[in-house]
Amino acid sequence: MTSRERFYECFYKIVNEKNNNSVYLSAVKFNEIVSEIKNVRSSGIKSNKAYRILKRYDLITIREENKLILLLLEGNTNILYYITNENIYDVLHDVYLSIGHGGKHRMNAEVKKNKGLVIKLMVFSEMNSRCQVDLIDMHTQGDGEFWLIMVYQDHLTKFVQLRPLKTKRAEEVAKHLIDIFCIFGAPMILQSDNDREFVNKIIEDLKEMWDTLKIVHRKPRHTQSQGSVERANQDIQNMLITWMKKNNCKSWSEGLRFVQLMKNMTYHDGIKRSPYMALFSTDVKIGLSSLLPAEAVEKLTTEQELEEILQSVVSDYEQKDDHNVSDKDVNC
């Protein structure tokens with residue numbers, strides 16, 4: 001007996017034992033409901049059966065394909081799709097594979113997460129909804145094999161990621177994007193000021209590398225968007241020049257990662273905070289130097305030494321606090 005056959009043997013046994021199994025639809029029942037709703041919409045005539053159906057189900061059309069959904073009540077934006085009993089195994093199997101053959105608890109969590117689609121009016125008001133990829137030409141400052149900088153920016157948080165490129169080939173750009181997507185997730189829309197054919201080729205290569213990935217391309221709507229990108233690119237180049245002078249280094253590809261951090265921790269007028277803060281809701285931490293004075297951590301090498309310093313800082317703070325309380329008592 002195959003895994004599919006074992007699944008349906010258990011599935012139908014459970015369904016038949018349930019008092020209310022109306023959420024489980026055979027292909028025949030599914031098509032009957034779809035037909036009934038379409039008939040009501042075309043004729044306006046509602047039978048008793050149609051009334052019962054319309055109290056529970058609704059129909060939406062996506063790219064000329066009918067989708068049966070749970071009736072949306074006022075204020076609810078969570079669209080729940082119905083699938084036929086015959087498709088349940090395939091859906092669950094795809095989820096099982098997507099989580100790397102995880103156990104039942106991971107399966108249960110993933111199925112709950114994916115059982116519906118939340119439709120929001122402001123679909124692009126979330127991080128990683130729309131991102132932009134562009135290239136900075138560094139021919140005049142060639143760095144060995146590198147002569148381009150890939151700039152990838154999230155539209156909402158302005159968080160940028162920079163990568164040195166050896167060529168302008170879409171395949172190389174796509175490989176770097178895949179690395180980013182596997183950490184931060186992939187956007188729905190990929191914008192670019194580069195030509196449409198180039199970006200479409202990038203999306204094609206992304207699809208070849210990650211077959212379940214689907215992204216659409218669009219040009220930025222407003223002309224001021226291009227100006228904003230140009231200013232950001234110029235800012236990145238200026239930061240690179242400063243970094244190379246400060247570190248006496250002619251290899252801009254080495255400094256790119258540090259410029260990326262500097263760019264993301266710098267206050268952005270448009271979002272009234274740094275991109276790093278917008279994304280992570282915290283300031284950038286650079287090891288112990290973010291917490292303690294340089295002279296306090298200069299000779300630290302072990303966790304025990306760190307704990308001793310932190311404990312002394314806490315003790316000093318408590319003593320000062322007690323002293324302040326005592327002064328207030330005396331003054332009173």
# chains A, B, ... in the order shown; residues from 1 in each chain; ligands from 1
call {"tool": "select_by_dssp", "arguments": {"residues": "segment 19-141 of chain A", "states": "strand (DSSP E)", "output": "MDAnalysis selection string"}}
result
chainID A and resid 57:62 65:70 78:80 116:118 130:137
call {"tool": "closest_atom_pairs", "arguments": {"of": "segment 88-207 of chain A", "to": "segment 280-300 of chain A", "cutoff": "12 Å", "atoms": "only C-alpha atoms", "output": "tab-separated table"}}
result
residue	atom	partner	partner_atom	distance
A:Met127	CA	A:Phe280	CA	10.6
A:Thr157	CA	A:Phe280	CA	9.7
A:Phe159	CA	A:Phe280	CA	10.2
A:Phe184	CA	A:Phe280	CA	11.7
call {"tool": "write_last_selection", "arguments": {"atoms": "N, CA, C and O atoms", "output": "PDB file, in the first residue's frame"}}
result
ATOM      1  N   MET A 127       7.784  45.011   5.270  1.00  0.00           N
ATOM      2  CA  MET A 127       9.150  44.806   4.829  1.00  0.00           C
ATOM      3  C   MET A 127       9.201  43.669   3.810  1.00  0.00           C
ATOM      4  O   MET A 127       8.496  42.675   3.926  1.00  0.00           O
ATOM      5  N   THR A 157      11.996  49.813   4.421  1.00  0.00           N
ATOM      6  CA  THR A 157      12.974  50.122   5.466  1.00  0.00           C
ATOM      7  C   THR A 157      14.215  50.830   4.945  1.00  0.00           C
ATOM      8  O   THR A 157      15.001  51.342   5.737  1.00  0.00           O
ATOM      9  N   PHE A 159      16.717  49.439   3.856  1.00  0.00           N
ATOM     10  CA  PHE A 159      17.859  48.598   4.196  1.00  0.00           C
ATOM     11  C   PHE A 159      18.538  48.134   2.911  1.00  0.00           C
ATOM     12  O   PHE A 159      17.887  47.594   2.015  1.00  0.00           O
ATOM     13  N   PHE A 184      16.671  36.689   4.150  1.00  0.00           N
ATOM     14  CA  PHE A 184      15.625  37.660   4.452  1.00  0.00           C
ATOM     15  C   PHE A 184      14.280  37.320   3.824  1.00  0.00           C
ATOM     16  O   PHE A 184      13.286  37.982   4.115  1.00  0.00           O
TER      17      PHE A 184
END
call {"tool": "residues_around", "arguments": {"residues": "segment 244-259 of chain A", "least_positions_apart": "2", "cutoff": "10 Å", "atoms": "only C-alpha atoms", "output": "mmCIF file with N, CA and C atoms, in the first residue's frame"}}
result
data_model
loop_
_atom_site.group_PDB
_atom_site.id
_atom_site.type_symbol
_atom_site.label_atom_id
_atom_site.label_comp_id
_atom_site.auth_asym_id
_atom_site.auth_seq_id
_atom_site.Cartn_x
_atom_site.Cartn_y
_atom_site.Cartn_z
ATOM 1 N N MET A 138 31.654 50.751 -11.792
ATOM 2 C CA MET A 138 32.910 51.151 -11.153
ATOM 3 C C MET A 138 34.102 50.990 -12.101
ATOM 4 N N GLN A 141 37.241 52.777 -11.441
ATOM 5 C CA GLN A 141 37.963 52.357 -10.247
ATOM 6 C C GLN A 141 37.947 50.836 -10.155
ATOM 7 N N GLY A 142 38.387 50.189 -11.235
ATOM 8 C CA GLY A 142 38.374 48.738 -11.280
ATOM 9 C C GLY A 142 39.136 48.125 -10.121
ATOM 10 N N ASP A 143 38.605 47.025 -9.612
ATOM 11 C CA ASP A 143 39.224 46.324 -8.483
ATOM 12 C C ASP A 143 39.440 44.870 -8.872
ATOM 13 N N GLY A 144 40.541 44.623 -9.578
ATOM 14 C CA GLY A 144 40.809 43.268 -10.057
ATOM 15 C C GLY A 144 39.719 42.829 -11.009
ATOM 16 N N GLU A 145 39.035 41.742 -10.672
ATOM 17 C CA GLU A 145 37.955 41.221 -11.516
ATOM 18 C C GLU A 145 36.650 41.979 -11.316
ATOM 19 N N PHE A 146 36.560 42.757 -10.249
ATOM 20 C CA PHE A 146 35.303 43.444 -9.929
ATOM 21 C C PHE A 146 35.243 44.821 -10.573
ATOM 22 N N TRP A 147 34.094 45.127 -11.189
ATOM 23 C CA TRP A 147 33.908 46.451 -11.783
ATOM 24 C C TRP A 147 32.467 46.952 -11.680
ATOM 25 N N LEU A 148 31.650 46.245 -10.909
ATOM 26 C CA LEU A 148 30.261 46.637 -10.682
ATOM 27 C C LEU A 148 29.881 46.408 -9.221
ATOM 28 N N ILE A 149 28.932 47.202 -8.738
ATOM 29 C CA ILE A 149 28.367 46.984 -7.408
ATOM 30 C C ILE A 149 26.874 46.745 -7.566
ATOM 31 N N GLN A 161 21.744 46.137 0.730
ATOM 32 C CA GLN A 161 22.759 45.087 0.715
ATOM 33 C C GLN A 161 23.583 45.261 -0.547
ATOM 34 N N LEU A 162 24.887 45.174 -0.383
ATOM 35 C CA LEU A 162 25.820 45.470 -1.465
ATOM 36 C C LEU A 162 26.660 44.245 -1.790
ATOM 37 N N ARG A 163 26.870 44.022 -3.081
ATOM 38 C CA ARG A 163 27.692 42.896 -3.508
ATOM 39 C C ARG A 163 28.594 43.335 -4.673
ATOM 40 N N PRO A 164 29.876 42.961 -4.656
ATOM 41 C CA PRO A 164 30.743 43.248 -5.804
ATOM 42 C C PRO A 164 30.474 42.253 -6.921
ATOM 43 N N LEU A 165 30.462 42.730 -8.166
ATOM 44 C CA LEU A 165 30.192 41.862 -9.313
ATOM 45 C C LEU A 165 31.364 41.871 -10.284
ATOM 46 N N ASP A 235 25.972 58.239 -2.650
ATOM 47 C CA ASP A 235 26.297 58.164 -1.233
ATOM 48 C C ASP A 235 27.178 56.955 -0.952
ATOM 49 N N ILE A 236 26.831 55.829 -1.561
ATOM 50 C CA ILE A 236 27.608 54.598 -1.380
ATOM 51 C C ILE A 236 29.021 54.772 -1.925
ATOM 52 N N GLN A 237 29.159 55.381 -3.093
ATOM 53 C CA GLN A 237 30.476 55.612 -3.673
ATOM 54 C C GLN A 237 31.317 56.540 -2.798
ATOM 55 N N ASN A 238 30.693 57.593 -2.260
ATOM 56 C CA ASN A 238 31.425 58.509 -1.390
ATOM 57 C C ASN A 238 31.892 57.805 -0.116
ATOM 58 N N MET A 239 31.031 56.944 0.433
ATOM 59 C CA MET A 239 31.406 56.194 1.629
ATOM 60 C C MET A 239 32.570 55.257 1.338
ATOM 61 N N LEU A 240 32.547 54.662 0.143
ATOM 62 C CA LEU A 240 33.632 53.760 -0.248
ATOM 63 C C LEU A 240 34.960 54.506 -0.340
ATOM 64 N N ILE A 241 34.941 55.678 -0.961
ATOM 65 C CA ILE A 241 36.156 56.483 -1.091
ATOM 66 C C ILE A 241 36.707 56.837 0.288
ATOM 67 N N THR A 242 35.807 57.234 1.191
ATOM 68 C CA THR A 242 36.221 57.580 2.553
ATOM 69 C C THR A 242 36.822 56.377 3.262
ATOM 70 N N LEU A 261 27.229 48.323 6.217
ATOM 71 C CA LEU A 261 26.850 48.522 7.611
ATOM 72 C C LEU A 261 26.698 50.004 7.932
ATOM 73 N N MET A 262 27.654 50.816 7.474
ATOM 74 C CA MET A 262 27.588 52.258 7.733
ATOM 75 C C MET A 262 26.327 52.867 7.129
ATOM 76 N N LYS A 263 26.004 52.457 5.925
ATOM 77 C CA LYS A 263 24.823 52.974 5.246
ATOM 78 C C LYS A 263 23.555 52.618 6.010
ATOM 79 N N ASN A 264 23.488 51.387 6.511
ATOM 80 C CA ASN A 264 22.287 50.921 7.193
ATOM 81 C C ASN A 264 22.142 51.460 8.609
ATOM 82 N N MET A 265 23.236 51.930 9.209
ATOM 83 C CA MET A 265 23.149 52.472 10.560
ATOM 84 C C MET A 265 23.052 54.000 10.562
#
call {"tool": "residues_around", "arguments": {"residues": "Ile33 of chain A", "least_positions_apart": "2", "cutoff": "10 Å", "atoms": "only C-alpha atoms", "output": "list in words"}}
result
Leu25, Val28, Lys29, Phe30, Asn31, Ser35, Glu36, Ile37, Lys38, Asn39, Lys49, Ala50, Ile53, Leu54, Tyr57, Asp58, Leu59 and Leu68 of chain A
call {"tool": "write_last_selection", "arguments": {"atoms": "N, CA, C and O atoms", "output": "compact mmCIF listing (two decimals), in the first residue's frame"}}
result
# COMPACT_ATOMS: atom_id res chain seq x y z
N LEU A 25 -14.78 18.42 1.16
CA LEU A 25 -15.54 18.43 -0.09
C LEU A 25 -14.91 17.50 -1.12
O LEU A 25 -13.73 17.64 -1.45
N VAL A 28 -16.84 16.20 -6.69
CA VAL A 28 -18.21 16.33 -7.17
C VAL A 28 -18.95 17.40 -6.38
O VAL A 28 -19.60 18.29 -6.95
N LYS A 29 -18.86 17.34 -5.05
CA LYS A 29 -19.53 18.32 -4.19
C LYS A 29 -18.97 19.72 -4.43
O LYS A 29 -19.72 20.71 -4.49
N PHE A 30 -17.67 19.81 -4.57
CA PHE A 30 -17.00 21.09 -4.82
C PHE A 30 -17.56 21.74 -6.09
O PHE A 30 -17.93 22.91 -6.10
N ASN A 31 -17.64 20.98 -7.17
CA ASN A 31 -18.12 21.50 -8.45
C ASN A 31 -19.61 21.87 -8.39
O ASN A 31 -20.06 22.82 -9.05
N SER A 35 -20.98 25.59 -9.19
CA SER A 35 -22.02 25.76 -10.21
C SER A 35 -23.24 26.48 -9.65
O SER A 35 -23.83 27.35 -10.31
N GLU A 36 -23.62 26.15 -8.41
CA GLU A 36 -24.79 26.78 -7.78
C GLU A 36 -24.55 28.28 -7.59
O GLU A 36 -25.43 29.10 -7.87
N ILE A 37 -23.36 28.64 -7.14
CA ILE A 37 -23.05 30.05 -6.93
C ILE A 37 -23.03 30.79 -8.26
O ILE A 37 -23.56 31.91 -8.38
N LYS A 38 -22.47 30.20 -9.29
CA LYS A 38 -22.42 30.83 -10.61
C LYS A 38 -23.81 31.00 -11.19
O LYS A 38 -24.12 32.02 -11.83
N ASN A 39 -24.68 30.01 -10.96
CA ASN A 39 -26.05 30.10 -11.45
C ASN A 39 -26.82 31.24 -10.78
O ASN A 39 -27.56 31.99 -11.44
N LYS A 49 -31.60 25.62 -1.47
CA LYS A 49 -30.26 25.07 -1.48
C LYS A 49 -29.23 26.18 -1.68
O LYS A 49 -28.19 26.22 -1.02
N ALA A 50 -29.57 27.11 -2.58
CA ALA A 50 -28.65 28.21 -2.87
C ALA A 50 -28.47 29.10 -1.66
O ALA A 50 -27.36 29.56 -1.36
N ILE A 53 -26.06 27.51 0.68
CA ILE A 53 -24.69 27.58 0.16
C ILE A 53 -24.11 28.99 0.31
O ILE A 53 -22.96 29.16 0.74
N LEU A 54 -24.91 30.01 -0.01
CA LEU A 54 -24.43 31.38 0.03
C LEU A 54 -24.19 31.88 1.46
O LEU A 54 -23.51 32.90 1.66
N TYR A 57 -20.44 29.77 1.66
CA TYR A 57 -19.39 29.81 0.65
C TYR A 57 -19.47 31.08 -0.20
O TYR A 57 -20.50 31.74 -0.28
N ASP A 58 -18.34 31.37 -0.85
CA ASP A 58 -18.30 32.44 -1.84
C ASP A 58 -17.32 32.01 -2.93
O ASP A 58 -16.56 31.05 -2.77
N LEU A 59 -17.35 32.76 -4.01
CA LEU A 59 -16.53 32.41 -5.16
C LEU A 59 -15.73 33.63 -5.60
O LEU A 59 -16.27 34.73 -5.72
N LEU A 68 -13.12 28.53 -4.68
CA LEU A 68 -14.17 28.48 -3.66
C LEU A 68 -13.55 28.86 -2.32
O LEU A 68 -12.52 28.32 -1.92
call {"tool": "closest_residue", "arguments": {"among": "A:Asn87, A:Thr140, A:Thr167, A:Ser192", "to": "Ser26 of chain A", "atoms": "only C-alpha atoms"}}
result
A:Asn87
call {"tool": "atom_distance", "arguments": {"atom1": "atom CA of Lys166 of chain A", "atom2": "atom CA of Asp205 of chain A"}}
result
17.2 Å
call {"tool": "select_by_dssp", "arguments": {"residues": "segment 136-260 of chain A", "states": "helix (DSSP H, G or I)", "output": "PDB file with C-alpha atoms, in the first residue's frame"}}
result
ATOM      1  CA  HIS A 139      34.906  50.927 -14.406  1.00  0.00           C
ATOM      2  CA  THR A 140      36.950  53.996 -13.526  1.00  0.00           C
ATOM      3  CA  GLN A 141      37.963  52.357 -10.247  1.00  0.00           C
ATOM      4  CA  ALA A 170      21.867  38.230 -15.017  1.00  0.00           C
ATOM      5  CA  GLU A 171      22.989  34.832 -13.740  1.00  0.00           C
ATOM      6  CA  GLU A 172      25.627  36.383 -11.448  1.00  0.00           C
ATOM      7  CA  VAL A 173      23.143  38.948 -10.113  1.00  0.00           C
ATOM      8  CA  ALA A 174      20.567  36.198  -9.539  1.00  0.00           C
ATOM      9  CA  LYS A 175      23.040  34.107  -7.517  1.00  0.00           C
ATOM     10  CA  HIS A 176      23.682  37.007  -5.164  1.00  0.00           C
ATOM     11  CA  LEU A 177      19.949  37.659  -4.860  1.00  0.00           C
ATOM     12  CA  ILE A 178      19.316  34.023  -3.967  1.00  0.00           C
ATOM     13  CA  ASP A 179      21.816  34.350  -1.105  1.00  0.00           C
ATOM     14  CA  ILE A 180      19.904  37.391   0.168  1.00  0.00           C
ATOM     15  CA  PHE A 181      16.489  35.760  -0.296  1.00  0.00           C
ATOM     16  CA  CYS A 182      17.550  32.682   1.678  1.00  0.00           C
ATOM     17  CA  ILE A 183      18.268  34.934   4.685  1.00  0.00           C
ATOM     18  CA  PHE A 184      15.625  37.660   4.452  1.00  0.00           C
ATOM     19  CA  ARG A 196      13.277  45.611 -18.499  1.00  0.00           C
ATOM     20  CA  GLU A 197      14.878  42.812 -20.530  1.00  0.00           C
ATOM     21  CA  PHE A 198      17.795  42.609 -18.097  1.00  0.00           C
ATOM     22  CA  VAL A 199      15.562  42.382 -15.026  1.00  0.00           C
ATOM     23  CA  ASN A 200      13.245  39.873 -16.677  1.00  0.00           C
ATOM     24  CA  LYS A 201      16.295  37.716 -17.379  1.00  0.00           C
ATOM     25  CA  ILE A 202      17.292  37.967 -13.701  1.00  0.00           C
ATOM     26  CA  ILE A 203      13.815  36.798 -12.689  1.00  0.00           C
ATOM     27  CA  GLU A 204      14.020  33.908 -15.164  1.00  0.00           C
ATOM     28  CA  ASP A 205      17.362  32.821 -13.693  1.00  0.00           C
ATOM     29  CA  LEU A 206      15.954  33.109 -10.160  1.00  0.00           C
ATOM     30  CA  LYS A 207      13.104  30.824 -11.192  1.00  0.00           C
ATOM     31  CA  GLU A 208      15.558  28.255 -12.556  1.00  0.00           C
ATOM     32  CA  MET A 209      17.528  28.267  -9.291  1.00  0.00           C
ATOM     33  CA  THR A 223      10.619  60.010 -11.751  1.00  0.00           C
ATOM     34  CA  GLN A 224      11.794  61.163  -8.317  1.00  0.00           C
ATOM     35  CA  SER A 225      12.424  57.511  -7.478  1.00  0.00           C
ATOM     36  CA  GLN A 226      15.246  57.445 -10.008  1.00  0.00           C
ATOM     37  CA  GLY A 227      16.736  60.564  -8.441  1.00  0.00           C
ATOM     38  CA  SER A 228      16.531  58.946  -5.005  1.00  0.00           C
ATOM     39  CA  VAL A 229      18.355  55.851  -6.278  1.00  0.00           C
ATOM     40  CA  GLU A 230      21.037  57.984  -7.918  1.00  0.00           C
ATOM     41  CA  ARG A 231      21.602  59.887  -4.670  1.00  0.00           C
ATOM     42  CA  ALA A 232      21.833  56.642  -2.715  1.00  0.00           C
ATOM     43  CA  ASN A 233      24.327  55.228  -5.213  1.00  0.00           C
ATOM     44  CA  GLN A 234      26.436  58.380  -5.016  1.00  0.00           C
ATOM     45  CA  ASP A 235      26.297  58.164  -1.233  1.00  0.00           C
ATOM     46  CA  ILE A 236      27.608  54.598  -1.380  1.00  0.00           C
ATOM     47  CA  GLN A 237      30.476  55.612  -3.673  1.00  0.00           C
ATOM     48  CA  ASN A 238      31.425  58.509  -1.390  1.00  0.00           C
ATOM     49  CA  MET A 239      31.406  56.194   1.629  1.00  0.00           C
ATOM     50  CA  LEU A 240      33.632  53.760  -0.248  1.00  0.00           C
ATOM     51  CA  ILE A 241      36.156  56.483  -1.091  1.00  0.00           C
ATOM     52  CA  THR A 242      36.221  57.580   2.553  1.00  0.00           C
ATOM     53  CA  TRP A 243      36.694  54.006   3.767  1.00  0.00           C
ATOM     54  CA  MET A 244      39.569  53.367   1.333  1.00  0.00           C
ATOM     55  CA  LYS A 245      41.366  56.564   2.374  1.00  0.00           C
ATOM     56  CA  LYS A 246      40.902  55.855   6.073  1.00  0.00           C
ATOM     57  CA  TRP A 252      36.796  48.797  -2.766  1.00  0.00           C
ATOM     58  CA  SER A 253      35.394  45.265  -2.881  1.00  0.00           C
ATOM     59  CA  GLU A 254      36.957  44.661   0.563  1.00  0.00           C
ATOM     60  CA  GLY A 255      35.320  47.763   1.989  1.00  0.00           C
ATOM     61  CA  LEU A 256      31.879  47.111   0.545  1.00  0.00           C
ATOM     62  CA  ARG A 257      30.626  45.093   3.519  1.00  0.00           C
ATOM     63  CA  PHE A 258      31.678  47.837   5.966  1.00  0.00           C
ATOM     64  CA  VAL A 259      30.053  50.532   3.819  1.00  0.00           C
ATOM     65  CA  GLN A 260      26.880  48.445   3.809  1.00  0.00           C
TER      66      GLN A 260
END
call {"tool": "residues_around", "arguments": {"residues": "Leu72 of chain A", "least_positions_apart": "4", "cutoff": "10 Å", "atoms": "only C-alpha atoms", "output": "count of residues only"}}
result
9
call {"tool": "closest_residue", "arguments": {"among": "A:Ser3, A:Asn66, A:Ser274, A:Ser98", "to": "Tyr82 of chain A", "atoms": "only C-alpha atoms"}}
result
A:Asn66
call {"tool": "decode", "arguments": {"residues": "segment 59-88 of chain A", "atoms": "C-alpha atoms", "output": "mmCIF file, in the first residue's frame"}}
result
data_model
loop_
_atom_site.group_PDB
_atom_site.id
_atom_site.type_symbol
_atom_site.label_atom_id
_atom_site.label_comp_id
_atom_site.auth_asym_id
_atom_site.auth_seq_id
_atom_site.Cartn_x
_atom_site.Cartn_y
_atom_site.Cartn_z
ATOM 1 C CA LEU A 59 -16.529 32.405 -5.162
ATOM 2 C CA ILE A 60 -13.618 34.501 -6.382
ATOM 3 C CA THR A 61 -11.957 34.400 -9.784
ATOM 4 C CA ILE A 62 -8.180 34.560 -10.087
ATOM 5 C CA ARG A 63 -6.852 34.698 -13.643
ATOM 6 C CA GLU A 64 -10.061 33.146 -15.003
ATOM 7 C CA GLU A 65 -9.947 30.269 -12.499
ATOM 8 C CA ASN A 66 -12.767 29.871 -9.965
ATOM 9 C CA LYS A 67 -11.697 29.596 -6.322
ATOM 10 C CA LEU A 68 -14.166 28.476 -3.662
ATOM 11 C CA ILE A 69 -13.653 30.305 -0.359
ATOM 12 C CA LEU A 70 -15.251 30.572 3.057
ATOM 13 C CA LEU A 71 -17.755 33.440 3.090
ATOM 14 C CA LEU A 72 -16.047 36.607 4.340
ATOM 15 C CA LEU A 73 -17.815 38.355 7.186
ATOM 16 C CA GLU A 74 -17.598 42.122 7.601
ATOM 17 C CA GLY A 75 -14.195 43.205 8.865
ATOM 18 C CA ASN A 76 -12.541 39.874 8.082
ATOM 19 C CA THR A 77 -9.703 39.934 5.533
ATOM 20 C CA ASN A 78 -8.479 36.369 5.986
ATOM 21 C CA ILE A 79 -9.406 34.442 2.846
ATOM 22 C CA LEU A 80 -9.668 30.692 3.386
ATOM 23 C CA TYR A 81 -9.638 28.542 0.248
ATOM 24 C CA TYR A 82 -11.386 25.196 -0.046
ATOM 25 C CA ILE A 83 -9.687 22.282 -1.739
ATOM 26 C CA THR A 84 -11.177 18.945 -2.700
ATOM 27 C CA ASN A 85 -10.577 15.800 -0.673
ATOM 28 C CA GLU A 86 -8.719 14.389 -3.645
ATOM 29 C CA ASN A 87 -6.113 17.194 -3.405
ATOM 30 C CA ILE A 88 -5.501 17.153 0.354
#
